[in-house]
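**Student:** One file is attached below, run27.pdb, containing PDB, C-alpha atoms.
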```pdb
ATOM      1  CA  MET L   1     -30.572 -27.724  23.119
ATOM      2  CA  HIS L   2     -31.955 -28.248  19.641
ATOM      3  CA  ALA L   3     -31.518 -31.675  18.068
ATOM      4  CA  LEU L   4     -28.147 -32.100  16.403
ATOM      5  CA  SER L   5     -27.866 -32.570  12.659
ATOM      6  CA  ILE L   6     -26.528 -35.818  11.200
ATOM      7  CA  SER L   7     -23.296 -34.018  10.300
ATOM      8  CA  GLU L   8     -22.871 -32.701  13.846
ATOM      9  CA  GLU L   9     -23.425 -36.164  15.283
ATOM     10  CA  ASN L  10     -20.884 -37.653  12.886
ATOM     11  CA  TYR L  11     -18.305 -35.068  13.952
ATOM     12  CA  LEU L  12     -18.921 -35.760  17.642
ATOM     13  CA  LYS L  13     -18.549 -39.503  17.117
ATOM     14  CA  ALA L  14     -15.319 -39.022  15.155
ATOM     15  CA  ILE L  15     -13.874 -36.732  17.829
ATOM     16  CA  PHE L  16     -14.780 -39.278  20.520
ATOM     17  CA  HIS L  17     -12.893 -42.026  18.676
ATOM     18  CA  LEU L  18      -9.852 -39.817  18.036
ATOM     19  CA  TYR L  19      -9.526 -38.342  21.519
ATOM     20  CA  THR L  20      -6.937 -40.114  23.679
ATOM     21  CA  GLY L  21      -7.299 -37.983  26.784
ATOM     22  CA  GLU L  22      -3.766 -36.663  26.509
ATOM     23  CA  GLU L  23      -4.052 -33.574  24.312
ATOM     24  CA  GLY L  24      -6.429 -31.797  21.956
ATOM     25  CA  ILE L  25      -7.153 -33.247  18.524
ATOM     26  CA  GLY L  26      -5.882 -31.253  15.555
ATOM     27  CA  THR L  27      -8.368 -30.211  12.897
ATOM     28  CA  ASN L  28      -6.223 -31.936  10.261
ATOM     29  CA  ALA L  29      -6.604 -35.264  12.076
ATOM     30  CA  ILE L  30     -10.377 -34.834  12.181
ATOM     31  CA  ALA L  31     -10.419 -33.844   8.498
ATOM     32  CA  HIS L  32      -8.404 -36.942   7.572
ATOM     33  CA  HIS L  33     -10.714 -39.190   9.618
ATOM     34  CA  LEU L  34     -13.855 -37.754   8.011
ATOM     35  CA  HIS L  35     -12.361 -37.323   4.528
ATOM     36  CA  THR L  36     -13.127 -33.615   4.439
ATOM     37  CA  LYS L  37     -11.270 -30.275   4.389
ATOM     38  CA  ALA L  38      -9.653 -28.724   7.460
ATOM     39  CA  ALA L  39     -11.553 -25.481   6.827
ATOM     40  CA  SER L  40     -14.857 -27.360   7.051
ATOM     41  CA  VAL L  41     -13.719 -28.952  10.313
ATOM     42  CA  THR L  42     -12.820 -25.573  11.827
ATOM     43  CA  GLU L  43     -16.270 -24.239  10.980
ATOM     44  CA  MET L  44     -18.000 -27.239  12.506
ATOM     45  CA  VAL L  45     -15.973 -27.417  15.725
ATOM     46  CA  LYS L  46     -16.691 -23.745  16.372
ATOM     47  CA  LYS L  47     -20.401 -24.516  16.034
ATOM     48  CA  LEU L  48     -20.118 -27.488  18.407
ATOM     49  CA  ALA L  49     -18.104 -25.392  20.858
ATOM     50  CA  GLU L  50     -20.961 -22.856  20.929
ATOM     51  CA  LYS L  51     -23.258 -25.726  21.934
ATOM     52  CA  LYS L  52     -20.865 -26.607  24.800
ATOM     53  CA  LEU L  53     -20.120 -30.037  23.289
ATOM     54  CA  LEU L  54     -16.394 -29.431  22.983
ATOM     55  CA  THR L  55     -13.704 -26.850  23.594
ATOM     56  CA  TYR L  56     -11.579 -25.524  20.780
ATOM     57  CA  GLU L  57      -8.603 -23.197  20.738
ATOM     58  CA  LYS L  58      -6.437 -22.626  17.705
ATOM     59  CA  TYR L  59      -3.119 -24.528  17.928
ATOM     60  CA  GLN L  60      -4.371 -26.417  21.007
ATOM     61  CA  GLY L  61      -6.925 -28.590  19.282
ATOM     62  CA  VAL L  62     -10.319 -30.003  20.112
ATOM     63  CA  ILE L  63     -11.345 -31.569  23.431
ATOM     64  CA  PRO L  64     -14.815 -33.043  24.056
ATOM     65  CA  THR L  65     -16.687 -31.697  27.083
ATOM     66  CA  ARG L  66     -18.544 -34.003  29.472
ATOM     67  CA  LYS L  67     -21.726 -33.129  27.591
ATOM     68  CA  GLY L  68     -19.973 -33.939  24.318
ATOM     69  CA  PHE L  69     -18.794 -37.311  25.619
ATOM     70  CA  THR L  70     -22.306 -38.189  26.816
ATOM     71  CA  THR L  71     -23.815 -37.244  23.469
ATOM     72  CA  ALA L  72     -21.188 -39.188  21.492
ATOM     73  CA  LEU L  73     -21.675 -42.286  23.656
ATOM     74  CA  ALA L  74     -25.420 -42.174  23.026
ATOM     75  CA  ILE L  75     -24.785 -42.182  19.259
ATOM     76  CA  ILE L  76     -22.263 -45.026  19.541
ATOM     77  CA  ARG L  77     -24.730 -46.959  21.722
ATOM     78  CA  LYS L  78     -27.412 -46.720  19.019
ATOM     79  CA  HIS L  79     -24.950 -47.697  16.275
ATOM     80  CA  ARG L  80     -23.724 -50.812  18.062
ATOM     81  CA  LEU L  81     -27.177 -51.905  19.198
ATOM     82  CA  TRP L  82     -28.426 -51.679  15.611
ATOM     83  CA  GLU L  83     -25.410 -53.680  14.396
ATOM     84  CA  TYR L  84     -26.184 -56.366  16.959
ATOM     85  CA  PHE L  85     -29.842 -56.413  15.911
ATOM     86  CA  LEU L  86     -28.992 -56.648  12.207
ATOM     87  CA  VAL L  87     -26.617 -59.580  12.724
ATOM     88  CA  GLU L  88     -28.395 -61.515  15.470
ATOM     89  CA  LYS L  89     -32.022 -60.989  14.453
ATOM     90  CA  LEU L  90     -31.969 -60.226  10.725
ATOM     91  CA  LYS L  91     -28.968 -62.517  10.071
ATOM     92  CA  LEU L  92     -26.992 -60.018   8.007
ATOM     93  CA  SER L  93     -23.247 -60.685   7.862
ATOM     94  CA  TRP L  94     -20.887 -58.659  10.043
ATOM     95  CA  ASP L  95     -19.259 -57.044   7.017
ATOM     96  CA  GLU L  96     -22.466 -55.405   5.720
ATOM     97  CA  VAL L  97     -24.089 -53.916   8.827
ATOM     98  CA  HIS L  98     -21.851 -50.899   9.473
ATOM     99  CA  ASP L  99     -23.237 -48.698   6.700
ATOM    100  CA  ILE L 100     -26.835 -49.563   7.627
ATOM    101  CA  ALA L 101     -26.162 -48.795  11.299
ATOM    102  CA  GLU L 102     -24.602 -45.480  10.224
ATOM    103  CA  GLN L 103     -28.072 -44.496   9.005
ATOM    104  CA  LEU L 104     -30.039 -45.963  11.915
ATOM    105  CA  GLU L 105     -27.834 -44.371  14.605
ATOM    106  CA  HIS L 106     -29.375 -40.955  13.882
ATOM    107  CA  ILE L 107     -32.899 -41.977  14.923
ATOM    108  CA  LYS L 108     -33.857 -39.626  17.771
ATOM    109  CA  SER L 109     -36.304 -41.813  19.727
ATOM    110  CA  ASP L 110     -34.841 -42.729  23.125
ATOM    111  CA  LYS L 111     -37.880 -44.913  23.797
ATOM    112  CA  LEU L 112     -37.184 -46.981  20.681
ATOM    113  CA  ILE L 113     -33.539 -47.535  21.676
ATOM    114  CA  GLU L 114     -34.478 -48.579  25.223
ATOM    115  CA  LYS L 115     -37.014 -51.058  23.846
ATOM    116  CA  LEU L 116     -34.448 -52.325  21.340
ATOM    117  CA  ASP L 117     -31.898 -52.855  24.113
ATOM    118  CA  ARG L 118     -34.461 -54.762  26.178
ATOM    119  CA  PHE L 119     -35.580 -56.807  23.169
ATOM    120  CA  LEU L 120     -31.966 -57.839  22.544
ATOM    121  CA  ASP L 121     -31.540 -58.750  26.264
ATOM    122  CA  PHE L 122     -29.037 -55.966  26.930
ATOM    123  CA  PRO L 123     -26.017 -57.138  24.889
ATOM    124  CA  LYS L 124     -22.570 -56.061  26.081
ATOM    125  CA  LEU L 125     -20.648 -56.393  22.788
ATOM    126  CA  ASP L 126     -21.502 -55.703  19.160
ATOM    127  CA  PRO L 127     -20.768 -58.216  16.339
ATOM    128  CA  HIS L 128     -17.252 -56.788  15.919
ATOM    129  CA  GLY L 129     -16.356 -57.203  19.587
ATOM    130  CA  ASP L 130     -16.756 -53.520  20.489
ATOM    131  CA  PRO L 131     -18.428 -52.756  23.847
ATOM    132  CA  ILE L 132     -21.968 -51.366  23.736
ATOM    133  CA  PRO L 133     -22.525 -48.429  26.145
ATOM    134  CA  ASP L 134     -25.502 -48.901  28.460
ATOM    135  CA  LYS L 135     -28.144 -46.245  29.109
ATOM    136  CA  ALA L 136     -25.793 -44.491  31.538
ATOM    137  CA  GLY L 137     -22.894 -44.556  29.063
ATOM    138  CA  LYS L 138     -20.973 -47.296  30.884
ATOM    139  CA  MET L 139     -19.187 -50.004  28.894
ATOM    140  CA  CYS L 140     -17.749 -53.357  29.884
ATOM    141  CA  VAL L 141     -13.961 -53.446  29.887
ATOM    142  CA  THR L 142     -12.417 -56.280  27.903
ATOM    143  CA  LYS L 143      -8.775 -57.227  28.309
ATOM    144  CA  CYS L 144      -7.396 -57.635  24.825
ATOM    145  CA  CYS L 145      -4.440 -56.810  22.638
ATOM    146  CA  CYS L 146      -3.436 -57.130  19.020
ATOM    147  CA  MET L 147      -2.624 -60.632  17.835
ATOM    148  CA  SER L 148       0.761 -59.291  16.739
ATOM    149  CA  GLU L 149       1.646 -58.764  20.420
ATOM    150  CA  ILE L 150       1.053 -62.378  21.466
ATOM    151  CA  LYS L 151       4.179 -64.473  21.952
ATOM    152  CA  PRO L 152       4.673 -67.827  20.176
ATOM    153  CA  ASN L 153       3.325 -70.961  21.895
ATOM    154  CA  SER L 154       0.436 -68.969  23.352
ATOM    155  CA  ASN L 155      -3.291 -69.645  23.080
ATOM    156  CA  ALA L 156      -5.738 -66.823  22.501
ATOM    157  CA  LYS L 157      -9.393 -66.148  21.697
ATOM    158  CA  ILE L 158     -10.390 -63.668  18.978
ATOM    159  CA  THR L 159     -12.419 -60.906  20.656
ATOM    160  CA  GLY L 160     -12.594 -58.069  18.133
ATOM    161  CA  VAL L 161     -11.203 -56.164  15.178
ATOM    162  CA  LYS L 162      -9.543 -52.781  14.751
ATOM    163  CA  ASN L 163     -10.249 -52.562  11.026
ATOM    164  CA  HIS L 164     -14.009 -52.528  10.346
ATOM    165  CA  SER L 165     -13.831 -52.311   6.550
ATOM    166  CA  PRO L 166     -16.091 -54.778   4.691
ATOM    167  CA  ALA L 167     -13.115 -56.076   2.670
ATOM    168  CA  PHE L 168     -11.165 -56.930   5.833
ATOM    169  CA  LEU L 169     -14.158 -58.557   7.538
ATOM    170  CA  LYS L 170     -14.943 -60.640   4.441
ATOM    171  CA  HIS L 171     -11.305 -61.779   4.355
ATOM    172  CA  LEU L 172     -11.456 -62.839   8.014
ATOM    173  CA  GLU L 173     -14.713 -64.690   7.362
ATOM    174  CA  LYS L 174     -13.089 -66.542   4.473
ATOM    175  CA  MET L 175     -10.213 -67.576   6.744
ATOM    176  CA  HIS L 176     -12.621 -68.451   9.596
ATOM    177  CA  LEU L 177     -10.869 -65.952  11.848
ATOM    178  CA  THR L 178     -14.052 -64.694  13.505
ATOM    179  CA  ILE L 179     -15.123 -63.585  16.985
ATOM    180  CA  GLY L 180     -14.926 -66.346  19.584
ATOM    181  CA  LYS L 181     -12.507 -68.604  17.685
ATOM    182  CA  THR L 182      -9.574 -69.989  19.690
ATOM    183  CA  ILE L 183      -6.136 -70.010  18.079
ATOM    184  CA  LYS L 184      -2.587 -70.958  18.978
ATOM    185  CA  ILE L 185       0.271 -68.700  17.931
ATOM    186  CA  VAL L 186       3.093 -70.911  16.654
ATOM    187  CA  GLU L 187       5.680 -68.542  15.253
ATOM    188  CA  ARG L 188       6.285 -64.918  14.260
ATOM    189  CA  ASN L 189       8.512 -64.399  11.231
ATOM    190  CA  ASP L 190      11.378 -61.995  12.030
ATOM    191  CA  PHE L 191      11.627 -60.867   8.416
ATOM    192  CA  ASP L 192       8.097 -59.633   7.709
ATOM    193  CA  GLN L 193       6.393 -60.103  11.105
ATOM    194  CA  SER L 194       3.847 -62.493   9.563
ATOM    195  CA  VAL L 195       2.335 -64.987  12.005
ATOM    196  CA  GLN L 196       1.945 -68.743  11.840
ATOM    197  CA  LEU L 197      -1.003 -70.026  13.856
ATOM    198  CA  VAL L 198      -3.196 -73.073  14.348
ATOM    199  CA  LEU L 199      -6.988 -72.868  14.036
ATOM    200  CA  ASN L 200      -9.156 -75.980  14.329
ATOM    201  CA  HIS L 201      -6.045 -78.189  14.019
ATOM    202  CA  GLU L 202      -5.073 -76.489  10.747
ATOM    203  CA  THR L 203      -1.917 -74.400  10.324
ATOM    204  CA  MET L 204      -2.141 -71.089   8.489
ATOM    205  CA  HIS L 205      -0.023 -67.999   7.892
ATOM    206  CA  ILE L 206      -1.388 -64.484   8.235
ATOM    207  CA  SER L 207       0.201 -61.162   7.337
ATOM    208  CA  LYS L 208       1.496 -58.539   9.742
ATOM    209  CA  GLU L 209      -1.435 -56.277   8.784
ATOM    210  CA  ILE L 210      -4.019 -58.890   9.716
ATOM    211  CA  ALA L 211      -2.238 -59.664  13.003
ATOM    212  CA  GLU L 212      -2.169 -55.959  13.883
ATOM    213  CA  ASN L 213      -5.902 -55.573  13.219
ATOM    214  CA  LEU L 214      -7.175 -58.644  15.081
ATOM    215  CA  LEU L 215      -7.869 -58.232  18.796
ATOM    216  CA  VAL L 216      -7.419 -61.259  21.031
ATOM    217  CA  HIS L 217      -7.529 -62.261  24.674
ATOM    218  CA  LYS L 218      -4.715 -64.509  25.863
ATOM    219  CA  ILE L 219      -5.848 -67.804  27.348
ATOM    220  CA  LYS L 220      -3.859 -69.369  30.135
ATOM    221  CA  ARG L 221      -3.480 -73.106  29.786
TER     222      ARG L 221
END
```
Output the structure of this file as structure tokens.
**Tutor:**
Amino acid sequence: MHALSISEENYLKAIFHLYTGEEGIGTNAIAHHLHTKAASVTEMVKKLAEKKLLTYEKYQGVIPTRKGFTTALAIIRKHRLWEYFLVEKLKLSWDEVHDIAEQLEHIKSDKLIEKLDRFLDFPKLDPHGDPIPDKAGKMCVTKCCCMSEIKPNSNAKITGVKNHSPAFLKHLEKMHLTIGKTIKIVERNDFDQSVQLVLNHETMHISKEIAENLLVHKIKR
């Protein structure tokens, strides 16, 4: 198979993230995710279907094939390895590496990526807490949930984020709500679902939106 274009790789990655395993993905959902027109999506998915990377039937949606999943995981692997490299080795902040990794993920050299993985000592998670697929496409499974789901008087460790926007990550950095920090949920407000928590012996209030976009692992104490 000929090398995929950057656009084709971006579509495959988007479809991978949208697919839940339950039913096909509508072209409108893909268009919304990629900020493009449904007609453009239809044209692209037909092209990817010809390359056996997905199946597509009108009114039944898009489903990645095994080959499509493998290809998408390879792209995601490169993206997350580059993010890890940029943060851990070049000391860029976690809110500025996504766009750079979006460019680097399209490098075709498998040898470079294997050497990068080895150089980084085979990291399991990227700077945002997302699992990094290994060479075989396998990822570590982390038990986590949204902070909004944790009951009061519970301790938890921040393990990841659902919202990867630079503005959100900068806001978390400002509040010191970063990966690895341990918090205690004190109270959830019934009116607006905001959350009161303790971090480093300091009490703070966070909005429902922040709580829904922070991933945590409950700690038993």
**Student:** Which residues are close to Ile75 of chain L, i.e. within 8 Å by only C-alpha atoms, leaving aside same-chain residues fewer than 4 positions away? Reply as a PyMOL selection string.
**Tutor:** chain L and resi 9+13+71+79+105-106
**Student:** For the atom pair atom CA of Glu96 of chain L and atom CA of Phe168 of chain L, what is the interatomic distance in Å to one decimal place?
**Tutor:**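 So the two atoms, atom CA of Glu96 of chain L and atom CA of Phe168 of chain L, lie 11.4 Å apart.
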**Student:** Can you give me, as a VMD selection string, the residues this file yields under the PyMOL selection byres ((chain L and resi 44) around 12)?
**Tutor:** chain L and resid 4 to 5 7 to 12 15 27 30 to 31 36 to 43 45 to 51 53 to 56 62
**Student:** Any idea what the distance is between atom CA of Thr65 of chain L and atom CA of Lys52 of chain L?
**Tutor:**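 Spanning atom CA of Thr65 of chain L to atom CA of Lys52 of chain L is a straight-line distance of 7.0 Å.
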**Student:** Could you tell me which residues the PyMOL selection byres ((chain L and resi 157) around 9) grabs in this file, written as a PyMOL selection string?
**Tutor:** chain L and resi 155-156+158-159+179-184+215-219
**Student:** For the atom pair atom CA of Lys58 of chain L and atom CA of Ala3 of chain L, what is the interatomic distance in Å to one decimal place?
**Tutor:** 26.7 Å
**Student:** Edge lengths and centre in Å to one decimal, as AutoDock Vina command-line options, of the axis-aligned box that encloses all listed atoms of segment 117-135 of chain L with 5 Å added on every side?
**Tutor:**
```
--center_x -26.0 --center_y -52.5 --center_z 22.5 --size_x 29.2 --size_y 22.5 --size_z 23.2
```
**Student:** May I ask which of the residues L:Lys208, L:His128, L:Lys162, L:Arg118 is the closest one to Arg80 of chain L, counting all atoms listed in the file?
**Tutor:**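 Counting all atoms listed in the file, the residue closest to Arg80 of chain L is L:His128.
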**Student:** Using all atoms listed in the file, which residues sit within 8 Å of Cys146 of chain L once same-chain residues fewer than 3 positions away are excluded, as a list in words?
**Tutor:** Glu149, Ile150, Ala211, Glu212, Asn213, Leu214, Leu215 and Val216 of chain L
**Student:** Using all atoms listed in the file - which residues lie no farther than 10 Å from the point (-10.2, -38.6, 23.5) in the file's frame? Write them as a list in words.
**Tutor:** Ala14, Ile15, Phe16, His17, Leu18, Tyr19, Thr20, Gly21, Glu22, Glu23, Gly24, Ile25, Val62, Ile63, Pro64 and Phe69 of chain L
**Student:** For the file shown, what are the residues hit by the PyMOL selection byres ((chain L and resi 188-198) around 9), laid out as a ChimeraX atom specification?
**Tutor:** /L:147-148,151-152,182-187,199-211
**Student:** Using all atoms listed in the file, can you tell me which of L:Lys220, L:Asp126, L:Val97, L:Thr142 comes closest to Ser154 of chain L?
**Tutor:**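 For Ser154 of chain L, the nearest of the given residues is L:Lys220.
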**Student:** Kindly indicate which residue among L:Val141, L:Ala136, L:Leu90, L:Ala72 lies nearest to Lys124 of chain L, using all atoms listed in the file for the distances.
**Tutor:** L:Val141
**Student:** Could you add N, CA and C atoms to segment 77-94 of chain L and give me the result as a PDB file, in the coordinates of the input?
**Tutor:**
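This is the output file part.pdb:
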```pdb
ATOM      1  N   ARG L  77     -23.823 -45.939  21.156  1.00  0.00           N
ATOM      2  CA  ARG L  77     -24.730 -46.959  21.722  1.00  0.00           C
ATOM      3  C   ARG L  77     -25.767 -47.385  20.683  1.00  0.00           C
ATOM      4  N   LYS L  78     -26.398 -46.411  20.037  1.00  0.00           N
ATOM      5  CA  LYS L  78     -27.412 -46.720  19.019  1.00  0.00           C
ATOM      6  C   LYS L  78     -26.793 -47.486  17.861  1.00  0.00           C
ATOM      7  N   HIS L  79     -25.616 -47.042  17.411  1.00  0.00           N
ATOM      8  CA  HIS L  79     -24.950 -47.697  16.275  1.00  0.00           C
ATOM      9  C   HIS L  79     -24.682 -49.169  16.579  1.00  0.00           C
ATOM     10  N   ARG L  80     -24.126 -49.446  17.737  1.00  0.00           N
ATOM     11  CA  ARG L  80     -23.724 -50.812  18.062  1.00  0.00           C
ATOM     12  C   ARG L  80     -24.920 -51.700  18.392  1.00  0.00           C
ATOM     13  N   LEU L  81     -25.957 -51.123  18.978  1.00  0.00           N
ATOM     14  CA  LEU L  81     -27.177 -51.905  19.198  1.00  0.00           C
ATOM     15  C   LEU L  81     -27.820 -52.293  17.869  1.00  0.00           C
ATOM     16  N   TRP L  82     -27.853 -51.369  16.923  1.00  0.00           N
ATOM     17  CA  TRP L  82     -28.426 -51.679  15.611  1.00  0.00           C
ATOM     18  C   TRP L  82     -27.590 -52.734  14.895  1.00  0.00           C
ATOM     19  N   GLU L  83     -26.255 -52.656  15.013  1.00  0.00           N
ATOM     20  CA  GLU L  83     -25.410 -53.680  14.396  1.00  0.00           C
ATOM     21  C   GLU L  83     -25.726 -55.057  14.986  1.00  0.00           C
ATOM     22  N   TYR L  84     -25.871 -55.097  16.299  1.00  0.00           N
ATOM     23  CA  TYR L  84     -26.184 -56.366  16.959  1.00  0.00           C
ATOM     24  C   TYR L  84     -27.528 -56.899  16.466  1.00  0.00           C
ATOM     25  N   PHE L  85     -28.520 -56.028  16.389  1.00  0.00           N
ATOM     26  CA  PHE L  85     -29.842 -56.413  15.911  1.00  0.00           C
ATOM     27  C   PHE L  85     -29.782 -56.954  14.480  1.00  0.00           C
ATOM     28  N   LEU L  86     -29.060 -56.260  13.621  1.00  0.00           N
ATOM     29  CA  LEU L  86     -28.992 -56.648  12.207  1.00  0.00           C
ATOM     30  C   LEU L  86     -28.329 -58.006  12.014  1.00  0.00           C
ATOM     31  N   VAL L  87     -27.318 -58.299  12.840  1.00  0.00           N
ATOM     32  CA  VAL L  87     -26.617 -59.580  12.724  1.00  0.00           C
ATOM     33  C   VAL L  87     -27.384 -60.696  13.423  1.00  0.00           C
ATOM     34  N   GLU L  88     -27.793 -60.454  14.665  1.00  0.00           N
ATOM     35  CA  GLU L  88     -28.395 -61.515  15.470  1.00  0.00           C
ATOM     36  C   GLU L  88     -29.843 -61.812  15.101  1.00  0.00           C
ATOM     37  N   LYS L  89     -30.595 -60.795  14.724  1.00  0.00           N
ATOM     38  CA  LYS L  89     -32.022 -60.989  14.453  1.00  0.00           C
ATOM     39  C   LYS L  89     -32.358 -61.044  12.962  1.00  0.00           C
ATOM     40  N   LEU L  90     -31.692 -60.225  12.165  1.00  0.00           N
ATOM     41  CA  LEU L  90     -31.969 -60.226  10.725  1.00  0.00           C
ATOM     42  C   LEU L  90     -30.969 -61.067   9.938  1.00  0.00           C
ATOM     43  N   LYS L  91     -29.943 -61.585  10.643  1.00  0.00           N
ATOM     44  CA  LYS L  91     -28.968 -62.517  10.071  1.00  0.00           C
ATOM     45  C   LYS L  91     -28.164 -61.923   8.913  1.00  0.00           C
ATOM     46  N   LEU L  92     -27.915 -60.613   8.967  1.00  0.00           N
ATOM     47  CA  LEU L  92     -26.992 -60.018   8.007  1.00  0.00           C
ATOM     48  C   LEU L  92     -25.572 -60.369   8.443  1.00  0.00           C
ATOM     49  N   SER L  93     -24.633 -60.358   7.518  1.00  0.00           N
ATOM     50  CA  SER L  93     -23.247 -60.685   7.862  1.00  0.00           C
ATOM     51  C   SER L  93     -22.568 -59.472   8.505  1.00  0.00           C
ATOM     52  N   TRP L  94     -21.536 -59.730   9.286  1.00  0.00           N
ATOM     53  CA  TRP L  94     -20.887 -58.659  10.043  1.00  0.00           C
ATOM     54  C   TRP L  94     -20.183 -57.644   9.164  1.00  0.00           C
TER      55      TRP L  94
END
```
